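Just below is one structure, and these are the notes that go with it.
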Amino acid sequence: GEAGAYNEELDYTITGIDAGAGVMASAEQAIEDYDLDFDLQASSDAAMIGALDDAINNEEPIVVTAWDPHYKFAEHDLKYLDDPEGSFGEAEDIHTIVRDGLEEDMPEAYEILDNFHWEGDHMEEVMLDIYEGTAEEEAAREWVDNNEDIVEDWVDGVDEGDGETIELTLVAWDSEIASTNVIAQVLEDHGFEVEMSALEANHMFTSVANGDSDAMVAAWLPGTHEAYYEDMEDDFVDLGANLEGAAIGLAVPAYMDIDSIEDLQD
Ligand code: PBE
């Protein structure tokens, strides 16, 4: 397509999510790197998906902040815009991070969290189930029940907890709602009470760093959450990747005749 051809129709707007998300910082970076005349509109994951669904129903152009794993790529014919400047970084991993002292205080929970590892397709199954109307907890329950062989690797040889409460924190991104609910089900099956608190991204990191929360499975590294991570990495324990090969970027419906972020230049 011709550079800038959609810009008027797009109202020079990129439809974003919550302001604290790493993909938002990268989108601001892209606006700068490509010298775009666009505004990045902050909202929420749910509102962005609503706007995307509406645009697709009307075959209108839209540019959204996007990431995968996410069911939206299965549900809709979407494409990432090429990013020759690398504003959105390379592929990355999602890490599990726990508070200092969890290993001593709840060794069984620590071990399960340390073992937690799955694939993007697994996460997308849970996400899609929730998108289609299944309650979050129920979707996680079904996935755990249907994937006993995978879950067995996380709990194999680990003793039961004795009813202690473990506090998990997350941001209400669809991907993290899926992962956090799944690990919560597994911890509950293994003798723990689980409490979940959804916070803003910076507070999710802070609450694990200061010990208010026990764990999170939602750290996108090395790029997306770099700023939060570097600020606090001495104050928590990084248990490494629970999922490999995640990515962020700008996405558009496939019917739009553009391929690169450069095509948003005037
Ligand atoms: N996300 C989902 C988050 C990380 C997980 C890509 C929206 C972010 O941008 O911070």
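Ordered as shown in the structure tokens, chains take letters A, B, and onward, while each chain numbers its residues from 1 and ligands are numbered from 1 in the order shown.
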
>> I'd like to know which residues of range 108-176 of chain A are strand (DSSP E) (by DSSP, run on the backbone); could you write them as a VMD selection string?
In response: chain A and resid 165 to 170

How would the residues just picked look written out with all heavy atoms as a JSON list (two decimals), in the first residue's frame?
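Writing the result to part20.json gives the following:
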[["chain", "number", "residue", "atom", "x", "y", "z"],
["A", 165, "THR", "N", -1.89, -20.17, 52.54],
["A", 165, "THR", "CA", -2.36, -19.30, 51.46],
["A", 165, "THR", "C", -1.18, -18.76, 50.68],
["A", 165, "THR", "O", -0.23, -18.23, 51.26],
["A", 165, "THR", "CB", -3.18, -18.13, 52.04],
["A", 165, "THR", "OG1", -4.32, -18.67, 52.69],
["A", 165, "THR", "CG2", -3.63, -17.17, 50.94],
["A", 166, "ILE", "N", -1.25, -18.90, 49.38],
["A", 166, "ILE", "CA", -0.22, -18.32, 48.52],
["A", 166, "ILE", "C", -0.88, -17.22, 47.68],
["A", 166, "ILE", "O", -1.97, -17.40, 47.15],
["A", 166, "ILE", "CB", 0.48, -19.39, 47.66],
["A", 166, "ILE", "CG1", 1.53, -18.74, 46.76],
["A", 166, "ILE", "CG2", -0.47, -20.23, 46.85],
["A", 166, "ILE", "CD1", 2.63, -19.67, 46.28],
["A", 167, "GLU", "N", -0.21, -16.09, 47.64],
["A", 167, "GLU", "CA", -0.78, -14.94, 46.94],
["A", 167, "GLU", "C", -0.08, -14.73, 45.60],
["A", 167, "GLU", "O", 1.11, -14.48, 45.55],
["A", 167, "GLU", "CB", -0.65, -13.69, 47.80],
["A", 167, "GLU", "CG", -1.36, -13.88, 49.12],
["A", 167, "GLU", "CD", -1.66, -12.58, 49.83],
["A", 167, "GLU", "OE1", -1.57, -11.51, 49.21],
["A", 167, "GLU", "OE2", -2.00, -12.66, 51.02],
["A", 168, "LEU", "N", -0.87, -14.85, 44.55],
["A", 168, "LEU", "CA", -0.35, -14.64, 43.20],
["A", 168, "LEU", "C", -0.80, -13.27, 42.70],
["A", 168, "LEU", "O", -1.95, -12.87, 42.92],
["A", 168, "LEU", "CB", -0.88, -15.71, 42.24],
["A", 168, "LEU", "CG", -0.64, -17.16, 42.63],
["A", 168, "LEU", "CD1", -1.24, -18.08, 41.56],
["A", 168, "LEU", "CD2", 0.85, -17.45, 42.79],
["A", 169, "THR", "N", 0.08, -12.57, 42.03],
["A", 169, "THR", "CA", -0.33, -11.30, 41.46],
["A", 169, "THR", "C", -0.19, -11.34, 39.95],
["A", 169, "THR", "O", 0.61, -12.11, 39.40],
["A", 169, "THR", "CB", 0.47, -10.12, 42.07],
["A", 169, "THR", "OG1", 0.01, -8.90, 41.49],
["A", 169, "THR", "CG2", 1.96, -10.26, 41.85],
["A", 170, "LEU", "N", -1.02, -10.56, 39.29],
["A", 170, "LEU", "CA", -1.04, -10.52, 37.83],
["A", 170, "LEU", "C", -1.54, -9.17, 37.38],
["A", 170, "LEU", "O", -2.02, -8.37, 38.19],
["A", 170, "LEU", "CB", -1.95, -11.62, 37.25],
["A", 170, "LEU", "CG", -3.46, -11.44, 37.44],
["A", 170, "LEU", "CD1", -4.22, -12.15, 36.31],
["A", 170, "LEU", "CD2", -3.94, -11.95, 38.79]]

>> Around ligand 1, out to 9 Å and counting only C-alpha atoms and all ligand atoms, which residues are there? I want them as a PyMOL selection string.
In response: chain A and resi 17-18+20-26+45+65-70+94+171-176+201+218-220+224-225+246-249

Kindly export the residues of the current selection with N, CA, C and O atoms, as a tab-separated table (two decimals), in the first residue's frame.
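Now in again_1.tsv:
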chain	number	residue	atom	x	y	z
A	17	ILE	N	-3.58	-0.51	25.07
A	17	ILE	CA	-4.15	-1.16	26.26
A	17	ILE	C	-3.80	-0.32	27.49
A	17	ILE	O	-3.70	0.90	27.38
A	18	ASP	N	-3.60	-0.93	28.64
A	18	ASP	CA	-3.28	-0.18	29.86
A	18	ASP	C	-1.91	0.50	29.75
A	18	ASP	O	-0.96	-0.08	29.21
A	20	GLY	N	0.51	1.00	31.66
A	20	GLY	CA	1.70	0.40	32.26
A	20	GLY	C	2.27	-0.78	31.50
A	20	GLY	O	3.34	-1.29	31.84
A	21	ALA	N	1.57	-1.24	30.46
A	21	ALA	CA	2.04	-2.41	29.71
A	21	ALA	C	3.31	-2.08	28.95
A	21	ALA	O	3.46	-0.98	28.41
A	22	GLY	N	4.20	-3.05	28.86
A	22	GLY	CA	5.45	-2.86	28.13
A	22	GLY	C	5.21	-2.58	26.66
A	22	GLY	O	5.94	-1.80	26.03
A	23	VAL	N	4.17	-3.20	26.10
A	23	VAL	CA	3.89	-3.01	24.67
A	23	VAL	C	3.51	-1.55	24.40
A	23	VAL	O	3.72	-1.05	23.29
A	24	MET	N	3.00	-0.85	25.40
A	24	MET	CA	2.68	0.57	25.25
A	24	MET	C	3.95	1.41	25.17
A	24	MET	O	4.07	2.32	24.35
A	25	ALA	N	4.91	1.10	26.04
A	25	ALA	CA	6.19	1.82	26.00
A	25	ALA	C	6.88	1.59	24.65
A	25	ALA	O	7.43	2.51	24.05
A	26	SER	N	6.81	0.35	24.16
A	26	SER	CA	7.42	0.05	22.86
A	26	SER	C	6.68	0.75	21.72
A	26	SER	O	7.30	1.17	20.74
A	45	ASP	N	-6.93	-4.13	27.86
A	45	ASP	CA	-6.93	-5.28	26.95
A	45	ASP	C	-8.36	-5.52	26.44
A	45	ASP	O	-8.60	-5.62	25.23
A	65	THR	N	-2.07	-2.42	19.55
A	65	THR	CA	-0.91	-3.02	20.23
A	65	THR	C	-1.26	-4.49	20.44
A	65	THR	O	-2.33	-4.82	20.93
A	66	ALA	N	-0.33	-5.37	20.03
A	66	ALA	CA	-0.67	-6.80	20.00
A	66	ALA	C	0.45	-7.62	20.61
A	66	ALA	O	1.57	-7.13	20.80
A	67	TRP	N	0.13	-8.85	20.93
A	67	TRP	CA	1.13	-9.77	21.45
A	67	TRP	C	0.64	-11.19	21.24
A	67	TRP	O	-0.54	-11.43	21.01
A	68	ASP	N	1.58	-12.11	21.27
A	68	ASP	CA	1.20	-13.51	21.30
A	68	ASP	C	2.11	-14.25	22.25
A	68	ASP	O	3.25	-13.83	22.45
A	69	PRO	N	1.61	-15.28	22.94
A	69	PRO	CA	0.34	-15.96	22.68
A	69	PRO	C	-0.89	-15.06	22.92
A	69	PRO	O	-0.95	-14.35	23.92
A	70	HIS	N	-1.81	-15.13	22.00
A	70	HIS	CA	-3.11	-14.49	22.17
A	70	HIS	C	-4.09	-15.12	21.19
A	70	HIS	O	-3.75	-15.29	20.01
A	94	ILE	N	8.36	-15.67	28.83
A	94	ILE	CA	7.58	-15.24	30.00
A	94	ILE	C	8.15	-15.95	31.23
A	94	ILE	O	8.27	-17.18	31.24
A	171	VAL	N	-1.43	-8.90	36.10
A	171	VAL	CA	-2.16	-7.81	35.47
A	171	VAL	C	-3.26	-8.46	34.65
A	171	VAL	O	-3.05	-9.55	34.10
A	172	ALA	N	-4.42	-7.85	34.55
A	172	ALA	CA	-5.56	-8.47	33.87
A	172	ALA	C	-5.40	-8.42	32.34
A	172	ALA	O	-6.27	-7.91	31.64
A	173	TRP	N	-4.27	-8.93	31.87
A	173	TRP	CA	-4.10	-9.18	30.43
A	173	TRP	C	-4.63	-10.58	30.18
A	173	TRP	O	-4.44	-11.48	31.01
A	174	ASP	N	-5.24	-10.81	29.01
A	174	ASP	CA	-5.85	-12.12	28.74
A	174	ASP	C	-4.86	-13.26	28.90
A	174	ASP	O	-5.20	-14.33	29.42
A	175	SER	N	-3.62	-13.03	28.45
A	175	SER	CA	-2.61	-14.09	28.53
A	175	SER	C	-2.28	-14.43	29.99
A	175	SER	O	-2.13	-15.60	30.36
A	176	GLU	N	-2.21	-13.42	30.82
A	176	GLU	CA	-1.83	-13.64	32.22
A	176	GLU	C	-3.01	-14.13	33.06
A	176	GLU	O	-2.81	-14.85	34.03
A	201	ALA	N	0.84	-2.95	36.12
A	201	ALA	CA	2.10	-3.65	35.86
A	201	ALA	C	3.20	-3.27	36.87
A	201	ALA	O	3.87	-4.16	37.43
A	218	ALA	N	4.11	-13.72	35.09
A	218	ALA	CA	3.73	-12.77	34.05
A	218	ALA	C	4.82	-11.81	33.64
A	218	ALA	O	4.53	-10.74	33.13
A	219	ALA	N	6.09	-12.16	33.85
A	219	ALA	CA	7.17	-11.24	33.51
A	219	ALA	C	7.67	-11.51	32.10
A	219	ALA	O	8.25	-12.57	31.83
A	220	TRP	N	7.44	-10.59	31.19
A	220	TRP	CA	7.87	-10.74	29.79
A	220	TRP	C	9.26	-10.14	29.64
A	220	TRP	O	9.44	-8.93	29.77
A	224	THR	N	9.97	-6.60	27.11
A	224	THR	CA	8.71	-5.93	27.42
A	224	THR	C	8.71	-5.31	28.82
A	224	THR	O	8.24	-4.19	29.02
A	225	HIS	N	9.22	-6.04	29.80
A	225	HIS	CA	9.20	-5.55	31.18
A	225	HIS	C	10.58	-5.18	31.70
A	225	HIS	O	10.81	-5.13	32.91
A	246	ALA	N	7.43	-15.74	23.06
A	246	ALA	CA	6.36	-14.74	23.03
A	246	ALA	C	6.84	-13.54	22.19
A	246	ALA	O	8.03	-13.41	21.91
A	247	ALA	N	5.90	-12.70	21.79
A	247	ALA	CA	6.28	-11.54	20.99
A	247	ALA	C	5.27	-10.41	21.17
A	247	ALA	O	4.11	-10.65	21.52
A	248	ILE	N	5.73	-9.20	20.92
A	248	ILE	CA	4.83	-8.03	20.93
A	248	ILE	C	5.03	-7.25	19.63
A	248	ILE	O	6.05	-7.40	18.96
A	249	GLY	N	4.04	-6.42	19.28
A	249	GLY	CA	4.18	-5.59	18.09
A	249	GLY	C	2.90	-4.81	17.83
A	249	GLY	O	2.02	-4.73	18.69

> Near range 137-141 of chain A, counting only C-alpha atoms, which residues have an atom at most 7 Å away, once you skip same-chain residues fewer than 6 positions from it, shown as number ranges by chain?
Replying inline: A: 126, 129-130, 178, 181-182, 185

>> Residues within 12 Å of Ala46 in chain A, please, as a PyMOL selection string. Count only C-alpha atoms; anything in the same chain fewer than 2 positions from it doesn't count.
In response: chain A and resi 15-18+42-44+48-53+72+131+172-175+177

> Contacts of Glu108 in chain A at 10 Å or less, counting only C-alpha atoms, minus same-chain residues fewer than 6 places along, as a PyMOL selection string?
Replying inline: chain A and resi 102+114+155+157-162+187+190-192

What does the file look like for those residues with C-alpha atoms, as a PDB file, in the first residue's frame?
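Dumped everything to part_26.pdb:
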ATOM      1  CA  LEU A 102       9.322 -18.212  49.410  1.00  0.00           C
ATOM      2  CA  ASP A 114       9.764 -23.504  39.454  1.00  0.00           C
ATOM      3  CA  VAL A 155       4.070 -31.650  40.522  1.00  0.00           C
ATOM      4  CA  GLY A 157       7.538 -35.829  43.529  1.00  0.00           C
ATOM      5  CA  VAL A 158       6.417 -32.612  45.233  1.00  0.00           C
ATOM      6  CA  ASP A 159       4.796 -33.005  48.667  1.00  0.00           C
ATOM      7  CA  GLU A 160       1.342 -31.559  49.384  1.00  0.00           C
ATOM      8  CA  GLY A 161       1.123 -28.159  51.037  1.00  0.00           C
ATOM      9  CA  ASP A 162      -0.744 -27.902  54.322  1.00  0.00           C
ATOM     10  CA  LEU A 187      -1.478 -25.178  43.519  1.00  0.00           C
ATOM     11  CA  HIS A 190      -1.655 -29.574  45.752  1.00  0.00           C
ATOM     12  CA  GLY A 191      -2.835 -28.401  49.146  1.00  0.00           C
ATOM     13  CA  PHE A 192      -2.649 -24.609  48.910  1.00  0.00           C
TER      14      PHE A 192
END

>> Give me the residues near Ser213 in chain A as a PyMOL selection string, where near means some atom within 12 Å (using only C-alpha atoms) and where sequence neighbours in that chain fewer than 5 positions away do not count.
In response: chain A and resi 97-102+165-170+194-199+203-208+236

When DSSP is applied to the backbone of this structure, which of range 10-65 of chain A are assigned alpha helix (DSSP H)? Write them out as a PDB file with N, CA, C and O atoms, in the first residue's frame.
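Full text of selection_18.pdb as output:
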ATOM      1  N   GLY A  22       4.201  -3.045  28.863  1.00  0.00           N
ATOM      2  CA  GLY A  22       5.448  -2.856  28.134  1.00  0.00           C
ATOM      3  C   GLY A  22       5.208  -2.579  26.656  1.00  0.00           C
ATOM      4  O   GLY A  22       5.942  -1.803  26.026  1.00  0.00           O
ATOM      5  N   VAL A  23       4.174  -3.204  26.100  1.00  0.00           N
ATOM      6  CA  VAL A  23       3.894  -3.009  24.675  1.00  0.00           C
ATOM      7  C   VAL A  23       3.512  -1.550  24.398  1.00  0.00           C
ATOM      8  O   VAL A  23       3.718  -1.047  23.291  1.00  0.00           O
ATOM      9  N   MET A  24       3.003  -0.854  25.400  1.00  0.00           N
ATOM     10  CA  MET A  24       2.677   0.574  25.251  1.00  0.00           C
ATOM     11  C   MET A  24       3.954   1.408  25.174  1.00  0.00           C
ATOM     12  O   MET A  24       4.073   2.316  24.354  1.00  0.00           O
ATOM     13  N   ALA A  25       4.914   1.101  26.039  1.00  0.00           N
ATOM     14  CA  ALA A  25       6.192   1.823  25.997  1.00  0.00           C
ATOM     15  C   ALA A  25       6.877   1.588  24.650  1.00  0.00           C
ATOM     16  O   ALA A  25       7.435   2.511  24.048  1.00  0.00           O
ATOM     17  N   SER A  26       6.811   0.352  24.157  1.00  0.00           N
ATOM     18  CA  SER A  26       7.417   0.047  22.858  1.00  0.00           C
ATOM     19  C   SER A  26       6.681   0.754  21.723  1.00  0.00           C
ATOM     20  O   SER A  26       7.304   1.173  20.743  1.00  0.00           O
ATOM     21  N   ALA A  27       5.370   0.878  21.841  1.00  0.00           N
ATOM     22  CA  ALA A  27       4.600   1.582  20.803  1.00  0.00           C
ATOM     23  C   ALA A  27       4.958   3.066  20.788  1.00  0.00           C
ATOM     24  O   ALA A  27       5.086   3.670  19.709  1.00  0.00           O
ATOM     25  N   GLU A  28       5.147   3.657  21.968  1.00  0.00           N
ATOM     26  CA  GLU A  28       5.612   5.060  22.023  1.00  0.00           C
ATOM     27  C   GLU A  28       6.989   5.168  21.370  1.00  0.00           C
ATOM     28  O   GLU A  28       7.276   6.115  20.655  1.00  0.00           O
ATOM     29  N   GLN A  29       7.820   4.179  21.640  1.00  0.00           N
ATOM     30  CA  GLN A  29       9.155   4.143  21.040  1.00  0.00           C
ATOM     31  C   GLN A  29       9.050   4.065  19.514  1.00  0.00           C
ATOM     32  O   GLN A  29       9.791   4.744  18.793  1.00  0.00           O
ATOM     33  N   ALA A  30       8.114   3.259  19.025  1.00  0.00           N
ATOM     34  CA  ALA A  30       7.926   3.116  17.578  1.00  0.00           C
ATOM     35  C   ALA A  30       7.470   4.440  16.959  1.00  0.00           C
ATOM     36  O   ALA A  30       7.943   4.819  15.881  1.00  0.00           O
ATOM     37  N   ILE A  31       6.569   5.137  17.645  1.00  0.00           N
ATOM     38  CA  ILE A  31       6.096   6.435  17.134  1.00  0.00           C
ATOM     39  C   ILE A  31       7.293   7.370  16.947  1.00  0.00           C
ATOM     40  O   ILE A  31       7.405   8.077  15.941  1.00  0.00           O
ATOM     41  N   GLU A  32       8.218   7.291  17.905  1.00  0.00           N
ATOM     42  CA  GLU A  32       9.424   8.113  17.817  1.00  0.00           C
ATOM     43  C   GLU A  32      10.377   7.596  16.722  1.00  0.00           C
ATOM     44  O   GLU A  32      10.833   8.359  15.881  1.00  0.00           O
ATOM     45  N   ASP A  33      10.660   6.290  16.757  1.00  0.00           N
ATOM     46  CA  ASP A  33      11.626   5.719  15.815  1.00  0.00           C
ATOM     47  C   ASP A  33      11.215   5.914  14.355  1.00  0.00           C
ATOM     48  O   ASP A  33      12.062   6.103  13.490  1.00  0.00           O
ATOM     49  N   ASP A  45      -6.933  -4.133  27.861  1.00  0.00           N
ATOM     50  CA  ASP A  45      -6.935  -5.278  26.953  1.00  0.00           C
ATOM     51  C   ASP A  45      -8.355  -5.519  26.440  1.00  0.00           C
ATOM     52  O   ASP A  45      -8.597  -5.625  25.229  1.00  0.00           O
ATOM     53  N   ALA A  46      -9.321  -5.548  27.360  1.00  0.00           N
ATOM     54  CA  ALA A  46     -10.703  -5.847  26.976  1.00  0.00           C
ATOM     55  C   ALA A  46     -11.252  -4.794  26.008  1.00  0.00           C
ATOM     56  O   ALA A  46     -11.922  -5.126  25.021  1.00  0.00           O
ATOM     57  N   ALA A  47     -10.948  -3.524  26.260  1.00  0.00           N
ATOM     58  CA  ALA A  47     -11.456  -2.452  25.391  1.00  0.00           C
ATOM     59  C   ALA A  47     -10.791  -2.513  24.016  1.00  0.00           C
ATOM     60  O   ALA A  47     -11.451  -2.280  22.990  1.00  0.00           O
ATOM     61  N   MET A  48      -9.503  -2.844  23.991  1.00  0.00           N
ATOM     62  CA  MET A  48      -8.807  -2.972  22.707  1.00  0.00           C
ATOM     63  C   MET A  48      -9.434  -4.091  21.876  1.00  0.00           C
ATOM     64  O   MET A  48      -9.682  -3.943  20.673  1.00  0.00           O
ATOM     65  N   ILE A  49      -9.704  -5.209  22.533  1.00  0.00           N
ATOM     66  CA  ILE A  49     -10.329  -6.338  21.822  1.00  0.00           C
ATOM     67  C   ILE A  49     -11.718  -5.955  21.311  1.00  0.00           C
ATOM     68  O   ILE A  49     -12.099  -6.308  20.185  1.00  0.00           O
ATOM     69  N   GLY A  50     -12.463  -5.200  22.106  1.00  0.00           N
ATOM     70  CA  GLY A  50     -13.779  -4.727  21.664  1.00  0.00           C
ATOM     71  C   GLY A  50     -13.664  -3.865  20.416  1.00  0.00           C
ATOM     72  O   GLY A  50     -14.419  -4.030  19.446  1.00  0.00           O
ATOM     73  N   ALA A  51     -12.703  -2.951  20.421  1.00  0.00           N
ATOM     74  CA  ALA A  51     -12.498  -2.062  19.264  1.00  0.00           C
ATOM     75  C   ALA A  51     -12.054  -2.862  18.046  1.00  0.00           C
ATOM     76  O   ALA A  51     -12.489  -2.587  16.910  1.00  0.00           O
ATOM     77  N   LEU A  52     -11.220  -3.857  18.273  1.00  0.00           N
ATOM     78  CA  LEU A  52     -10.749  -4.710  17.176  1.00  0.00           C
ATOM     79  C   LEU A  52     -11.921  -5.498  16.573  1.00  0.00           C
ATOM     80  O   LEU A  52     -12.087  -5.556  15.349  1.00  0.00           O
ATOM     81  N   ASP A  53     -12.729  -6.087  17.430  1.00  0.00           N
ATOM     82  CA  ASP A  53     -13.903  -6.841  16.956  1.00  0.00           C
ATOM     83  C   ASP A  53     -14.834  -5.941  16.140  1.00  0.00           C
ATOM     84  O   ASP A  53     -15.301  -6.335  15.069  1.00  0.00           O
ATOM     85  N   ASP A  54     -15.083  -4.734  16.637  1.00  0.00           N
ATOM     86  CA  ASP A  54     -15.964  -3.794  15.927  1.00  0.00           C
ATOM     87  C   ASP A  54     -15.398  -3.440  14.563  1.00  0.00           C
ATOM     88  O   ASP A  54     -16.121  -3.431  13.563  1.00  0.00           O
ATOM     89  N   ALA A  55     -14.098  -3.118  14.537  1.00  0.00           N
ATOM     90  CA  ALA A  55     -13.478  -2.721  13.263  1.00  0.00           C
ATOM     91  C   ALA A  55     -13.579  -3.863  12.259  1.00  0.00           C
ATOM     92  O   ALA A  55     -13.921  -3.651  11.087  1.00  0.00           O
ATOM     93  N   ILE A  56     -13.318  -5.081  12.724  1.00  0.00           N
ATOM     94  CA  ILE A  56     -13.343  -6.232  11.816  1.00  0.00           C
ATOM     95  C   ILE A  56     -14.760  -6.505  11.323  1.00  0.00           C
ATOM     96  O   ILE A  56     -14.972  -6.788  10.145  1.00  0.00           O
ATOM     97  N   ASN A  57     -15.742  -6.365  12.200  1.00  0.00           N
ATOM     98  CA  ASN A  57     -17.136  -6.546  11.769  1.00  0.00           C
ATOM     99  C   ASN A  57     -17.518  -5.566  10.665  1.00  0.00           C
ATOM    100  O   ASN A  57     -18.341  -5.864   9.811  1.00  0.00           O
TER     101      ASN A  57
END

>> Would you compute the distance between CA of Ala91 in chain A and CA of Asn147 in chain A? Give it in Å to one decimal.
In response: 26.2 Å
